[in-house]
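Coordinates from work.cif are shown below (mmCIF, C-alpha atoms).
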```cif
data_start
loop_
_atom_site.label_atom_id
_atom_site.label_comp_id
_atom_site.auth_asym_id
_atom_site.auth_seq_id
_atom_site.Cartn_x
_atom_site.Cartn_y
_atom_site.Cartn_z
CA MET A 30 10.98 -22.60 5.23
CA ASN A 31 12.35 -20.35 2.57
CA GLY A 32 14.92 -17.76 3.57
CA VAL A 33 14.48 -14.12 2.61
CA ALA A 34 17.42 -12.43 0.96
CA VAL A 35 18.32 -8.92 2.08
CA LEU A 36 19.40 -6.27 -0.40
CA HIS A 37 22.41 -4.48 1.03
CA PRO A 38 23.71 -1.13 -0.25
CA LEU A 39 26.47 -1.34 -2.83
CA ARG A 40 29.75 -1.33 -0.93
CA SER A 41 32.29 -2.33 -3.52
CA ARG A 42 33.88 0.58 -5.37
CA ARG A 43 34.74 -1.73 -8.22
CA ARG A 44 31.16 -2.96 -8.50
CA LEU A 45 29.71 0.53 -8.32
CA GLY A 46 32.23 1.71 -10.88
CA ARG A 47 31.13 -0.99 -13.29
CA ALA A 48 27.50 0.06 -12.84
CA LEU A 49 28.21 3.75 -13.41
CA ALA A 50 30.31 3.00 -16.45
CA ALA A 51 27.54 0.90 -17.86
CA LEU A 52 25.06 3.67 -17.28
CA ALA A 53 27.22 6.40 -18.74
CA ALA A 54 28.04 4.40 -21.84
CA ALA A 55 24.48 3.09 -22.16
CA THR A 56 25.80 -0.38 -22.76
CA ALA A 57 23.81 -2.11 -20.01
CA VAL A 58 21.00 -4.22 -21.32
CA PHE A 59 18.74 -6.28 -19.16
CA THR A 60 15.72 -8.20 -20.31
CA ALA A 61 12.59 -9.21 -18.46
CA THR A 62 12.43 -12.97 -18.45
CA ALA A 63 8.74 -13.52 -17.79
CA GLY A 64 6.00 -13.24 -20.40
CA ALA A 65 5.80 -11.48 -23.73
CA ALA A 66 6.48 -7.95 -22.41
CA THR A 67 10.26 -8.04 -22.72
CA ALA A 68 12.23 -5.04 -21.53
CA ALA A 69 14.12 -3.02 -24.08
CA PRO A 70 17.73 -1.91 -23.48
CA PHE A 71 18.07 1.15 -21.27
CA PRO A 72 18.51 4.38 -23.23
CA ALA A 73 21.64 6.43 -22.52
CA ASP A 74 19.83 9.65 -21.69
CA THR A 75 16.38 10.57 -22.87
CA ASP A 76 13.65 12.89 -21.71
CA SER A 77 10.92 10.83 -23.32
CA ALA A 78 11.66 7.72 -21.27
CA GLY A 79 12.48 9.67 -18.14
CA GLN A 80 15.00 7.02 -17.19
CA PHE A 81 18.29 8.81 -16.61
CA CYS A 82 19.39 12.20 -15.34
CA GLY A 83 22.56 14.26 -15.10
CA VAL A 84 25.98 14.14 -16.64
CA LEU A 85 26.60 10.53 -15.63
CA SER A 86 23.16 9.44 -16.84
CA LEU A 87 22.20 8.14 -13.40
CA PRO A 88 18.67 6.87 -12.86
CA CYS A 89 16.18 9.60 -11.98
CA ALA A 90 14.65 9.48 -8.49
CA PRO A 91 10.85 9.78 -8.69
CA ASN A 92 9.20 12.30 -6.37
CA THR A 93 7.23 9.66 -4.49
CA ALA A 94 5.09 10.07 -1.37
CA VAL A 95 5.79 6.78 0.47
CA LEU A 96 8.53 5.01 -1.45
CA ASP A 97 12.03 6.48 -1.29
CA GLY A 98 12.69 7.60 -4.86
CA LYS A 99 16.44 7.68 -4.24
CA GLN A 100 16.33 4.08 -3.07
CA LEU A 101 14.51 3.13 -6.27
CA ALA A 102 17.32 4.75 -8.25
CA ARG A 103 19.95 2.92 -6.18
CA THR A 104 18.13 -0.36 -6.79
CA LYS A 105 18.21 0.33 -10.51
CA ILE A 106 21.98 0.74 -10.28
CA ALA A 107 22.17 -2.50 -8.29
CA LEU A 108 20.28 -4.29 -11.05
CA LEU A 109 22.69 -2.99 -13.65
CA ALA A 110 25.58 -4.13 -11.48
CA GLY A 111 24.16 -7.65 -11.36
CA ASP A 112 22.75 -7.77 -7.83
CA ARG A 113 21.08 -11.18 -7.56
CA THR A 114 18.66 -10.26 -4.80
CA ALA A 115 17.34 -7.30 -6.77
CA ARG A 116 17.15 -9.39 -9.95
CA ALA A 117 15.13 -12.14 -8.22
CA ALA A 118 12.73 -9.56 -6.78
CA LEU A 119 12.37 -7.86 -10.15
CA ASN A 120 11.59 -11.15 -11.88
CA ASN A 121 8.80 -11.75 -9.36
CA LEU A 122 7.49 -8.23 -9.88
CA LEU A 123 7.55 -8.62 -13.66
CA ALA A 124 5.60 -11.87 -13.46
CA GLN A 125 2.76 -9.90 -11.82
CA ALA A 126 3.14 -6.90 -14.10
CA ASN A 127 3.04 -9.08 -17.20
CA ALA A 128 -0.25 -10.60 -16.04
CA ALA A 129 -1.63 -7.10 -15.42
CA LEU A 130 -0.94 -6.11 -19.02
CA THR A 131 -3.96 -8.06 -20.22
CA LYS A 132 -6.39 -7.34 -17.38
CA GLY A 133 -8.75 -4.43 -16.86
CA PRO A 134 -9.13 -1.57 -17.13
CA TRP A 135 -11.50 -1.35 -14.19
CA THR A 136 -14.20 1.19 -13.34
CA VAL A 137 -16.77 1.77 -10.61
CA VAL A 138 -19.53 2.33 -13.17
CA ASP A 139 -19.67 -1.31 -14.30
CA LYS A 140 -21.35 -2.55 -11.11
CA PRO A 141 -24.97 -3.76 -11.43
CA GLN A 142 -25.98 -1.95 -8.23
CA THR A 143 -26.74 1.75 -7.96
CA PRO A 144 -25.55 3.58 -4.82
CA PRO A 145 -28.10 5.45 -2.67
CA SER A 146 -27.03 8.65 -4.45
CA GLY A 147 -28.32 7.30 -7.74
CA ASP A 148 -24.87 7.80 -9.28
CA LYS A 149 -22.81 4.75 -10.27
CA HIS A 150 -19.70 6.91 -10.23
CA ASP A 151 -19.88 6.68 -6.42
CA TYR A 152 -17.88 3.86 -4.85
CA LEU A 153 -20.02 1.21 -3.11
CA SER A 154 -19.20 -1.65 -0.73
CA LEU A 155 -20.65 -3.57 2.20
CA ALA A 156 -19.16 -4.24 5.64
CA PRO A 157 -17.39 -7.62 5.42
CA TYR A 158 -18.11 -8.89 8.95
CA TRP A 159 -21.84 -8.16 9.15
CA TRP A 160 -24.45 -10.89 8.63
CA PRO A 161 -28.27 -11.17 8.53
CA SER A 162 -29.64 -12.43 11.83
CA GLN A 163 -33.07 -13.53 10.59
CA PRO A 164 -34.26 -15.80 7.78
CA GLN A 165 -34.82 -14.04 4.48
CA THR A 166 -38.57 -13.90 3.82
CA PRO A 167 -40.83 -11.90 1.50
CA ASP A 168 -41.53 -9.56 4.41
CA ASN A 169 -37.85 -9.36 5.39
CA PRO A 170 -35.88 -10.05 2.21
CA LEU A 171 -32.55 -8.92 3.68
CA GLY A 172 -32.79 -10.88 6.93
CA CYS A 173 -32.59 -7.78 9.09
CA PRO A 174 -31.26 -6.84 11.53
CA TYR A 175 -27.60 -7.48 10.69
CA VAL A 176 -25.14 -8.54 13.41
CA GLU A 177 -21.35 -8.41 13.51
CA LYS A 178 -19.15 -11.54 13.48
CA ASP A 179 -15.61 -10.22 13.83
CA GLY A 180 -13.19 -11.82 11.40
CA VAL A 181 -15.85 -13.92 9.66
CA ARG A 182 -16.44 -12.63 6.16
CA ASN A 183 -19.93 -12.51 4.64
CA PRO A 184 -19.58 -13.79 1.03
CA ALA A 185 -22.57 -11.68 0.00
CA THR A 186 -20.23 -8.70 -0.03
CA ASP A 187 -18.72 -10.11 -3.25
CA ALA A 188 -21.90 -9.24 -5.15
CA ILE A 189 -20.71 -5.63 -5.34
CA PRO A 190 -17.52 -5.54 -7.45
CA ASP A 191 -16.11 -2.11 -6.52
CA LYS A 192 -13.99 -3.36 -3.61
CA PRO A 193 -12.30 -6.36 -5.29
CA GLU A 194 -11.85 -4.44 -8.56
CA ARG A 195 -10.31 -1.52 -6.68
CA LEU A 196 -7.83 -3.85 -5.00
CA THR A 197 -6.90 -5.49 -8.30
CA ALA A 198 -6.73 -2.22 -10.23
CA PHE A 199 -4.59 -0.34 -7.71
CA SER A 200 -2.20 -3.27 -7.33
CA ALA A 201 -1.86 -3.55 -11.12
CA ILE A 202 -1.17 0.17 -11.49
CA TYR A 203 1.56 -0.05 -8.84
CA GLN A 204 3.21 -3.12 -10.34
CA LEU A 205 3.08 -1.79 -13.89
CA SER A 206 4.60 1.57 -13.01
CA LEU A 207 7.47 -0.06 -11.11
CA ALA A 208 8.01 -2.50 -13.98
CA TRP A 209 8.33 0.44 -16.38
CA TYR A 210 10.75 2.25 -14.08
CA TYR A 211 13.12 -0.71 -13.85
CA THR A 212 12.89 -1.96 -17.44
CA GLY A 213 12.02 1.05 -19.59
CA ASN A 214 9.39 -1.01 -21.41
CA ALA A 215 6.73 1.42 -22.64
CA ALA A 216 4.00 -1.24 -22.59
CA TYR A 217 4.01 -1.25 -18.80
CA ALA A 218 3.70 2.53 -18.54
CA LYS A 219 0.98 2.82 -21.15
CA ARG A 220 -1.13 0.16 -19.49
CA ALA A 221 -0.73 1.77 -16.05
CA ALA A 222 -1.73 5.12 -17.58
CA LEU A 223 -4.84 3.57 -19.13
CA ASP A 224 -5.84 2.00 -15.82
CA LEU A 225 -5.32 5.30 -13.99
CA ARG A 226 -7.31 7.34 -16.50
CA THR A 227 -10.16 4.82 -16.51
CA TRP A 228 -10.59 4.75 -12.72
CA PHE A 229 -9.91 8.39 -11.89
CA LEU A 230 -10.03 10.71 -14.91
CA ASP A 231 -12.20 9.75 -17.89
CA PRO A 232 -15.65 11.38 -17.48
CA ALA A 233 -17.52 8.24 -18.54
CA THR A 234 -15.78 5.92 -16.08
CA ARG A 235 -14.19 7.99 -13.30
CA MET A 236 -14.93 7.48 -9.64
CA ASN A 237 -16.30 10.43 -7.70
CA PRO A 238 -13.74 11.55 -5.04
CA ASN A 239 -15.65 10.33 -1.99
CA LEU A 240 -16.33 7.19 0.03
CA ASN A 241 -19.83 8.07 1.18
CA PHE A 242 -21.08 4.53 0.59
CA ALA A 243 -18.17 2.37 1.69
CA GLN A 244 -18.83 -0.53 4.07
CA GLY A 245 -22.53 0.08 4.40
CA ILE A 246 -24.63 -2.27 6.54
CA PRO A 247 -28.03 -3.34 5.15
CA CYS A 248 -30.95 -2.17 7.25
CA LYS A 249 -28.59 0.03 9.27
CA THR A 250 -26.50 2.58 7.32
CA ASP A 251 -25.58 3.45 3.73
CA GLY A 252 -21.88 3.94 4.54
CA ARG A 253 -19.46 4.35 7.41
CA GLY A 254 -16.25 6.15 8.22
CA ILE A 255 -14.43 2.88 8.72
CA GLY A 256 -15.06 2.12 5.06
CA ILE A 257 -12.23 4.54 4.30
CA ILE A 258 -9.84 1.72 5.29
CA GLU A 259 -10.53 0.17 1.88
CA PHE A 260 -8.53 2.96 0.23
CA SER A 261 -6.10 3.83 2.96
CA TYR A 262 -2.92 2.16 1.83
CA THR A 263 -3.75 1.00 -1.69
CA PHE A 264 -4.46 4.57 -2.77
CA THR A 265 -1.02 5.64 -1.56
CA GLN A 266 0.35 2.95 -3.89
CA VAL A 267 -1.50 4.74 -6.69
CA LEU A 268 0.07 8.06 -5.70
CA ASP A 269 3.54 6.54 -5.85
CA ALA A 270 2.72 4.90 -9.18
CA ALA A 271 1.66 8.26 -10.61
CA ALA A 272 4.84 9.87 -9.29
CA ILE A 273 6.93 7.16 -10.96
CA LEU A 274 5.09 7.63 -14.25
CA GLY A 275 5.57 11.37 -13.83
CA ALA A 276 9.31 10.81 -14.24
CA GLY A 277 8.66 10.75 -17.98
CA ALA A 278 6.72 7.60 -18.76
CA PRO A 279 5.26 7.30 -22.26
CA GLY A 280 1.48 7.51 -22.24
CA TRP A 281 1.27 9.56 -19.03
CA ARG A 282 0.71 13.20 -19.93
CA HIS A 283 1.01 16.41 -17.92
CA ALA A 284 -2.78 16.73 -18.17
CA ASP A 285 -3.13 13.27 -16.62
CA SER A 286 -0.81 14.19 -13.77
CA ASP A 287 -2.63 17.46 -13.14
CA GLY A 288 -5.98 15.66 -13.28
CA LEU A 289 -4.99 13.05 -10.72
CA LYS A 290 -3.59 15.70 -8.40
CA SER A 291 -6.88 17.60 -8.69
CA TRP A 292 -8.87 14.43 -7.97
CA SER A 293 -6.62 13.64 -5.01
CA GLY A 294 -6.99 17.17 -3.64
CA ASP A 295 -10.78 16.89 -3.81
CA PHE A 296 -10.60 13.51 -2.09
CA LEU A 297 -8.41 14.93 0.68
CA THR A 298 -10.92 17.73 1.22
CA TRP A 299 -13.66 15.13 1.53
CA LEU A 300 -11.53 13.11 3.99
CA ARG A 301 -10.98 16.13 6.22
CA THR A 302 -14.46 17.68 6.09
CA SER A 303 -17.03 14.88 5.69
CA GLN A 304 -18.64 13.16 8.66
CA ASN A 305 -17.29 9.82 7.50
CA GLY A 306 -13.80 11.28 7.39
CA LYS A 307 -14.11 12.82 10.82
CA ASP A 308 -15.41 9.52 12.22
CA GLU A 309 -12.42 7.64 10.81
CA ALA A 310 -9.94 10.22 12.11
CA ALA A 311 -11.35 9.63 15.61
CA GLN A 312 -10.72 5.86 15.52
CA ALA A 313 -8.14 4.75 18.07
CA ASN A 314 -6.88 1.58 16.34
CA ASN A 315 -5.48 0.77 12.89
CA HIS A 316 -8.28 2.74 11.24
CA GLY A 317 -6.97 5.97 12.74
CA THR A 318 -3.38 5.15 11.80
CA PHE A 319 -4.34 4.41 8.21
CA TYR A 320 -6.41 7.59 8.06
CA ASP A 321 -3.35 9.62 9.03
CA MET A 322 -1.12 7.77 6.57
CA LEU A 323 -3.61 8.28 3.74
CA SER A 324 -4.13 11.97 4.53
CA ALA A 325 -0.42 12.69 4.88
CA GLY A 326 0.39 10.85 1.67
CA ILE A 327 -2.21 12.76 -0.32
CA ALA A 328 -1.13 16.06 1.21
CA LEU A 329 2.47 15.42 0.18
CA TYR A 330 1.48 14.28 -3.31
CA THR A 331 -0.66 17.37 -3.89
CA GLY A 332 2.05 19.80 -2.76
CA GLN A 333 0.74 20.47 0.78
CA LYS A 334 3.98 19.59 2.54
CA PRO A 335 3.33 21.59 5.75
CA LEU A 336 0.04 19.71 6.22
CA ALA A 337 1.76 16.39 5.64
CA ARG A 338 4.44 17.30 8.18
CA GLN A 339 1.83 18.29 10.77
CA ILE A 340 -0.08 15.03 10.36
CA VAL A 341 3.10 12.98 10.85
CA GLN A 342 4.19 15.04 13.85
CA ASP A 343 0.78 14.69 15.50
CA ALA A 344 0.85 10.92 14.98
CA ARG A 345 3.58 10.59 17.62
CA GLY A 346 1.20 11.41 20.45
CA LEU A 347 -2.07 10.53 18.75
CA ARG A 348 -1.12 7.11 17.38
CA ILE A 349 2.22 5.76 18.65
CA ASP A 350 1.69 6.84 22.26
CA GLN A 351 -1.81 5.38 22.30
CA GLN A 352 -1.18 2.17 20.37
CA ILE A 353 2.27 0.81 21.28
CA GLU A 354 3.16 -0.32 24.79
CA ALA A 355 6.64 -0.41 26.27
CA ASP A 356 7.25 -3.99 25.12
CA GLY A 357 5.86 -3.36 21.62
CA ASN A 358 2.44 -4.86 22.24
CA GLN A 359 -0.51 -3.27 20.41
CA PRO A 360 -3.47 -3.57 22.80
CA GLN A 361 -5.95 -1.99 20.37
CA GLU A 362 -5.41 -4.92 17.99
CA ALA A 363 -4.93 -7.72 20.54
CA THR A 364 -8.66 -8.30 21.07
CA ARG A 365 -9.40 -9.05 17.42
CA THR A 366 -10.12 -12.60 16.26
CA ARG A 367 -7.42 -12.10 13.60
CA SER A 368 -5.04 -10.35 15.96
CA TYR A 369 -1.74 -11.20 14.23
CA HIS A 370 -3.17 -9.87 10.98
CA TYR A 371 -4.17 -6.62 12.65
CA PHE A 372 -0.85 -6.21 14.47
CA THR A 373 0.93 -6.47 11.13
CA PHE A 374 -1.73 -4.39 9.38
CA ASN A 375 -1.35 -1.50 11.81
CA LEU A 376 2.42 -1.66 11.40
CA VAL A 377 2.00 -1.34 7.63
CA ALA A 378 0.28 1.98 8.31
CA MET A 379 2.86 3.09 10.86
CA THR A 380 5.92 2.20 8.81
CA ARG A 381 4.45 3.81 5.68
CA LEU A 382 3.62 6.91 7.73
CA ALA A 383 7.24 6.89 8.93
CA ALA A 384 8.34 6.72 5.29
CA ILE A 385 6.24 9.80 4.53
CA GLY A 386 7.81 11.41 7.59
CA LYS A 387 11.28 11.00 6.09
CA HIS A 388 10.13 13.08 3.10
CA VAL A 389 8.97 15.92 5.36
CA GLY A 390 11.71 15.87 8.00
CA VAL A 391 9.96 13.95 10.81
CA ASP A 392 11.64 10.79 12.14
CA LEU A 393 8.98 8.48 13.58
CA TRP A 394 11.46 5.63 13.93
CA ALA A 395 13.50 7.62 16.45
CA TYR A 396 10.43 8.51 18.52
CA ARG A 397 9.96 6.93 21.96
CA THR A 398 6.71 7.10 23.90
CA PRO A 399 6.74 8.25 27.53
CA GLN A 400 6.44 4.56 28.49
CA GLY A 401 9.31 3.52 26.22
CA GLY A 402 7.37 2.13 23.27
CA SER A 403 8.49 2.65 19.67
CA LEU A 404 8.03 1.38 16.14
CA PHE A 405 11.14 -0.76 16.65
CA LYS A 406 9.62 -2.34 19.75
CA ALA A 407 6.37 -3.05 17.87
CA VAL A 408 8.23 -4.77 15.04
CA ASP A 409 10.45 -6.77 17.41
CA PHE A 410 7.33 -7.98 19.26
CA LEU A 411 6.41 -9.91 16.12
CA ILE A 412 9.78 -11.60 15.54
CA PRO A 413 9.20 -14.82 17.56
CA THR A 414 5.97 -15.49 15.67
CA ALA A 415 7.22 -14.32 12.28
CA THR A 416 10.13 -16.74 12.55
CA GLY A 417 8.60 -19.52 14.67
CA GLY A 418 4.92 -19.74 13.85
CA LEU A 419 1.55 -19.46 15.53
CA SER A 420 2.61 -21.35 18.67
CA HIS A 421 4.61 -18.26 19.62
CA TRP A 422 1.63 -15.89 19.33
CA PRO A 423 -0.07 -14.99 22.64
CA TYR A 424 -3.47 -14.04 21.18
CA GLN A 425 -6.22 -15.47 19.01
CA ASP A 426 -5.80 -15.50 15.24
CA ILE A 427 -8.29 -17.44 13.14
CA GLY A 428 -6.56 -16.74 9.82
CA PHE A 429 -2.85 -16.89 10.67
CA THR A 430 -0.38 -16.08 7.89
CA GLN A 431 3.18 -16.19 9.18
CA TYR A 432 4.84 -14.11 6.44
CA ALA A 433 2.47 -11.17 6.99
CA ALA A 434 5.13 -9.42 9.09
CA LEU A 435 7.88 -9.68 6.47
CA ASP A 436 7.72 -6.16 5.05
CA SER A 437 7.59 -4.50 8.46
CA LEU A 438 10.72 -6.41 9.42
CA HIS A 439 12.34 -5.22 6.20
CA ALA A 440 11.40 -1.61 6.99
CA ALA A 441 12.78 -1.85 10.52
CA ALA A 442 15.97 -3.50 9.29
CA ASP A 443 16.49 -0.66 6.82
CA GLU A 444 16.34 1.74 9.78
CA GLY A 445 19.01 -0.14 11.73
CA ASP A 446 17.05 -2.79 13.66
CA ARG A 447 19.60 -5.60 14.01
CA ALA A 448 17.09 -8.06 15.46
CA ALA A 449 14.79 -7.53 12.50
CA ARG A 450 17.64 -7.93 10.02
CA ALA A 451 18.77 -11.15 11.68
CA ALA A 452 15.21 -12.49 11.58
CA LEU A 453 14.60 -11.85 7.88
CA PRO A 454 16.18 -15.08 6.53
CA HIS A 455 13.94 -17.08 8.88
CA VAL A 456 10.59 -15.62 7.75
CA PRO A 457 8.73 -17.65 5.11
CA THR A 458 8.67 -16.10 1.65
CA PRO A 459 5.24 -15.03 0.32
CA PRO A 460 3.88 -17.06 -2.63
CA GLY A 461 4.71 -14.31 -5.12
CA GLY A 462 8.21 -13.88 -3.77
CA ASP A 463 9.82 -11.16 -1.67
CA LEU A 464 9.24 -7.92 -3.59
CA TYR A 465 10.57 -5.54 -0.95
CA PRO A 466 13.99 -5.08 -2.63
CA VAL A 467 12.31 -3.46 -5.66
CA ARG A 468 9.41 -1.71 -3.91
CA PRO A 469 10.87 -0.86 -0.48
CA ALA A 470 7.79 0.05 1.55
CA ALA A 471 5.62 -2.18 3.71
CA GLU A 472 2.57 -3.83 2.19
CA GLN A 473 0.04 -6.13 3.80
CA LEU A 474 1.07 -9.51 2.44
CA ASP A 475 -1.84 -11.58 3.69
CA ASP A 476 -5.47 -11.24 2.61
CA ILE A 477 -6.79 -7.70 3.06
CA SER A 478 -10.09 -8.32 1.27
CA LEU A 479 -11.58 -8.93 4.71
CA THR A 480 -10.52 -5.56 6.03
#
```

Would you write out, as structure tokens, the structure that this file holds?
Amino acid sequence: MNGVAVLHPLRSRRRLGRALAALAAATAVFTATAGAATAAPFPADTDSAGQFCGVLSLPCAPNTAVLDGKQLARTKIALLAGDRTARAALNNLLAQANAALTKGPWTVVDKPQTPPSGDKHDYLSLAPYWWPSQPQTPDNPLGCPYVEKDGVRNPATDAIPDKPERLTAFSAIYQLSLAWYYTGNAAYAKRAALDLRTWFLDPATRMNPNLNFAQGIPCKTDGRGIGIIEFSYTFTQVLDAAAILGAGAPGWRHADSDGLKSWSGDFLTWLRTSQNGKDEAAQANNHGTFYDMLSAGIALYTGQKPLARQIVQDARGLRIDQQIEADGNQPQEATRTRSYHYFTFNLVAMTRLAAIGKHVGVDLWAYRTPQGGSLFKAVDFLIPTATGGLSHWPYQDIGFTQYAALDSLHAAADEGDRAARAALPHVPTPPGGDLYPVRPAAEQLDDISLT
């Protein structure tokens, strides 16, 4: 089992002094070691690169929605000071970002299928757990009616590329923008900008700002509210990526930023007014939590801070009270055939919502339910399994991935959870490495293509 290193704040005055001196003098040079996209030396102070601010030329803190921009800036200082944990995480991030430089761009209009609207600019996907119940015949070519098999994915859903391409595109945009922020290499920023414009902004390729036809079920419905889950946390990665690029990245223009904010505002209106959006808001499990996190993140990104604050405040009674028991159990997720996945998945939404809360002055980590439950309790409930394996899990899980809880433990440890911090070295490392030190917000580390 591989141990997970923990990035601690800089405590040594001598070490911090070396980092600040390096920044001020612009003598620090660090180079990406993976692939052909090698990072250039950091500039001393330049508006065009958007890298450094102020008299001491300290790294700028992006105005992010989920990520803590100040923590990103501190991590950049840690890298310049030679922090090994941050360097290892950055190398893993750059390996993914370098691969993303030659992929895409992606667009919803390249699918062979046409949505029920007749417009290929509309996003389209099928429900992953629904299967035909009858043989496919000339009279019943789809095998209707469809029946649900929870946790068992129908491979026919792969025939529509919007969902897998969205997952790949949004992840690439996130990785590339972070790679630019830490290295200053313009190639990363320009590729992220191209991917963003292709998916969201260019008239020929842009997606319409709705999810009317997400997770449809053949013979039953064209789209469902629970299809919104396909965007719910990956789109907040896109918002943070755009905020990072907005710190002055080459290739990302003011018109691009304004265009994405306009698209996001239209999407938020659809989320809050459409029947699909209302249906998802009413969900009592992880779907409802992710809906709140998505809505609050977009509201903050588009300048609607009071709305974001209200959504986070309401989540205390609407989500935490209803979903976390006194011992940290999550009964809404316990009945699923992939229960460990859904426990960790719901905590991704909750911890990211808590991160948004910090931006708007609402502390979800400090909140306690009337029964004594809390985000800390929910994270600690996972520790025996995250460190010891499936034999410690009390429920069914047909696709167990032990490291899925890693980022939630990181998030709790950052907020002072000693049990979570002590557990971190005993959680297996994901195949791509532990990226949390350079992108400090929870992500779902196991397969979310089923969700």

> Quick one: distance from CA of Pro423 (chain A) to CA of Ser368 (chain A) in Å, one decimal?
Replying inline: 9.5 Å

> Hey, what's within 8 Å of Thr186 (chain A) if we count only C-alpha atoms and toss same-chain stuff fewer than 3 positions away? As a VMD selection string, please?
Replying inline: chain A and resid 154 to 157 183 189

Given the file shown, enumerate the residues that the PyMOL selection byres ((chain A and resi 123) around 8) captures and present them as a PDB file with C-alpha atoms, in the frame of the given file.
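File produced: part34.pdb:
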```pdb
ATOM      1  CA  ALA A  61      12.590  -9.210 -18.460  1.00  0.00           C
ATOM      2  CA  ALA A  63       8.740 -13.520 -17.790  1.00  0.00           C
ATOM      3  CA  LEU A 119      12.370  -7.860 -10.150  1.00  0.00           C
ATOM      4  CA  ASN A 120      11.590 -11.150 -11.880  1.00  0.00           C
ATOM      5  CA  ASN A 121       8.800 -11.750  -9.360  1.00  0.00           C
ATOM      6  CA  LEU A 122       7.490  -8.230  -9.880  1.00  0.00           C
ATOM      7  CA  ALA A 124       5.600 -11.870 -13.460  1.00  0.00           C
ATOM      8  CA  GLN A 125       2.760  -9.900 -11.820  1.00  0.00           C
ATOM      9  CA  ALA A 126       3.140  -6.900 -14.100  1.00  0.00           C
ATOM     10  CA  ASN A 127       3.040  -9.080 -17.200  1.00  0.00           C
ATOM     11  CA  GLN A 204       3.210  -3.120 -10.340  1.00  0.00           C
ATOM     12  CA  ALA A 208       8.010  -2.500 -13.980  1.00  0.00           C
TER      13      ALA A 208
END
```

> Which residues, written as a list in words, have at least one atom at most 6 Å from region 429-442 of chain A, with only C-alpha atoms counted and residues fewer than 3 positions away on the same chain left out?
Replying inline: Thr373, Ala415, Asp426, Gly445, Asp446, Ala449, Arg450, Pro457, Ala471, Leu474 and Asp475 of chain A

> Any idea what's packed within 12 Å of region 301-304 of chain A, counting all atoms listed in the file, ignoring anything in its chain fewer than 3 positions away? Could you give it as a PyMOL selection string?
Replying inline: chain A and resi 238-241+252-255+257+294-298+307-311+320-321+323-325+327-328+336+340

> What gap, in Å, lies between CA of Gln312 (chain A) and CA of Gln361 (chain A)?
Replying inline: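 Going from CA of Gln312 (chain A) over to CA of Gln361 (chain A), I get 10.4 Å.
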
Report as a PDB file with C-alpha atoms, in the frame of the given file the residues that result from applying the PyMOL selection byres ((chain A and resi 408) around 8) to the structure here.
```pdb
ATOM      1  CA  GLY A 357       5.860  -3.360  21.620  1.00  0.00           C
ATOM      2  CA  LEU A 376       2.420  -1.660  11.400  1.00  0.00           C
ATOM      3  CA  LEU A 404       8.030   1.380  16.140  1.00  0.00           C
ATOM      4  CA  PHE A 405      11.140  -0.760  16.650  1.00  0.00           C
ATOM      5  CA  LYS A 406       9.620  -2.340  19.750  1.00  0.00           C
ATOM      6  CA  ALA A 407       6.370  -3.050  17.870  1.00  0.00           C
ATOM      7  CA  ASP A 409      10.450  -6.770  17.410  1.00  0.00           C
ATOM      8  CA  PHE A 410       7.330  -7.980  19.260  1.00  0.00           C
ATOM      9  CA  LEU A 411       6.410  -9.910  16.120  1.00  0.00           C
ATOM     10  CA  ILE A 412       9.780 -11.600  15.540  1.00  0.00           C
ATOM     11  CA  SER A 437       7.590  -4.500   8.460  1.00  0.00           C
ATOM     12  CA  LEU A 438      10.720  -6.410   9.420  1.00  0.00           C
ATOM     13  CA  ALA A 441      12.780  -1.850  10.520  1.00  0.00           C
ATOM     14  CA  ALA A 449      14.790  -7.530  12.500  1.00  0.00           C
TER      15      ALA A 449
END
```

>> the PyMOL selection byres ((chain A and resi 93) around 10) - which residues does that actually catch in the file I just gave you? List them as a VMD selection string.
In response: chain A and resid 90 to 92 94 to 99 101 265 to 266 268 to 273 275 326 329 to 330 385 388

Produce a file of the selected residues containing C-alpha atoms, as a tab-separated table (two decimals), keeping the file's coordinate frame.
```
chain	number	residue	atom	x	y	z
A	90	ALA	CA	14.65	9.48	-8.49
A	91	PRO	CA	10.85	9.78	-8.69
A	92	ASN	CA	9.20	12.30	-6.37
A	94	ALA	CA	5.09	10.07	-1.37
A	95	VAL	CA	5.79	6.78	0.47
A	96	LEU	CA	8.53	5.01	-1.45
A	97	ASP	CA	12.03	6.48	-1.29
A	98	GLY	CA	12.69	7.60	-4.86
A	99	LYS	CA	16.44	7.68	-4.24
A	101	LEU	CA	14.51	3.13	-6.27
A	265	THR	CA	-1.02	5.64	-1.56
A	266	GLN	CA	0.35	2.95	-3.89
A	268	LEU	CA	0.07	8.06	-5.70
A	269	ASP	CA	3.54	6.54	-5.85
A	270	ALA	CA	2.72	4.90	-9.18
A	271	ALA	CA	1.66	8.26	-10.61
A	272	ALA	CA	4.84	9.87	-9.29
A	273	ILE	CA	6.93	7.16	-10.96
A	275	GLY	CA	5.57	11.37	-13.83
A	326	GLY	CA	0.39	10.85	1.67
A	329	LEU	CA	2.47	15.42	0.18
A	330	TYR	CA	1.48	14.28	-3.31
A	385	ILE	CA	6.24	9.80	4.53
A	388	HIS	CA	10.13	13.08	3.10
```

>> Just the number, please: distance in Å from CA of Glu177 (chain A) to CA of Lys149 (chain A), one decimal.
In response: 27.2 Å

>> Would you pick out the contacts of Gln351 (chain A) at 12 Å or less, using all atoms listed in the file, so that residues sharing its chain but fewer than 2 positions from it are not included, and give the list as a ChimeraX atom specification?
In response: /A:312-315,317-318,343-349,353-355,357-362,397-403
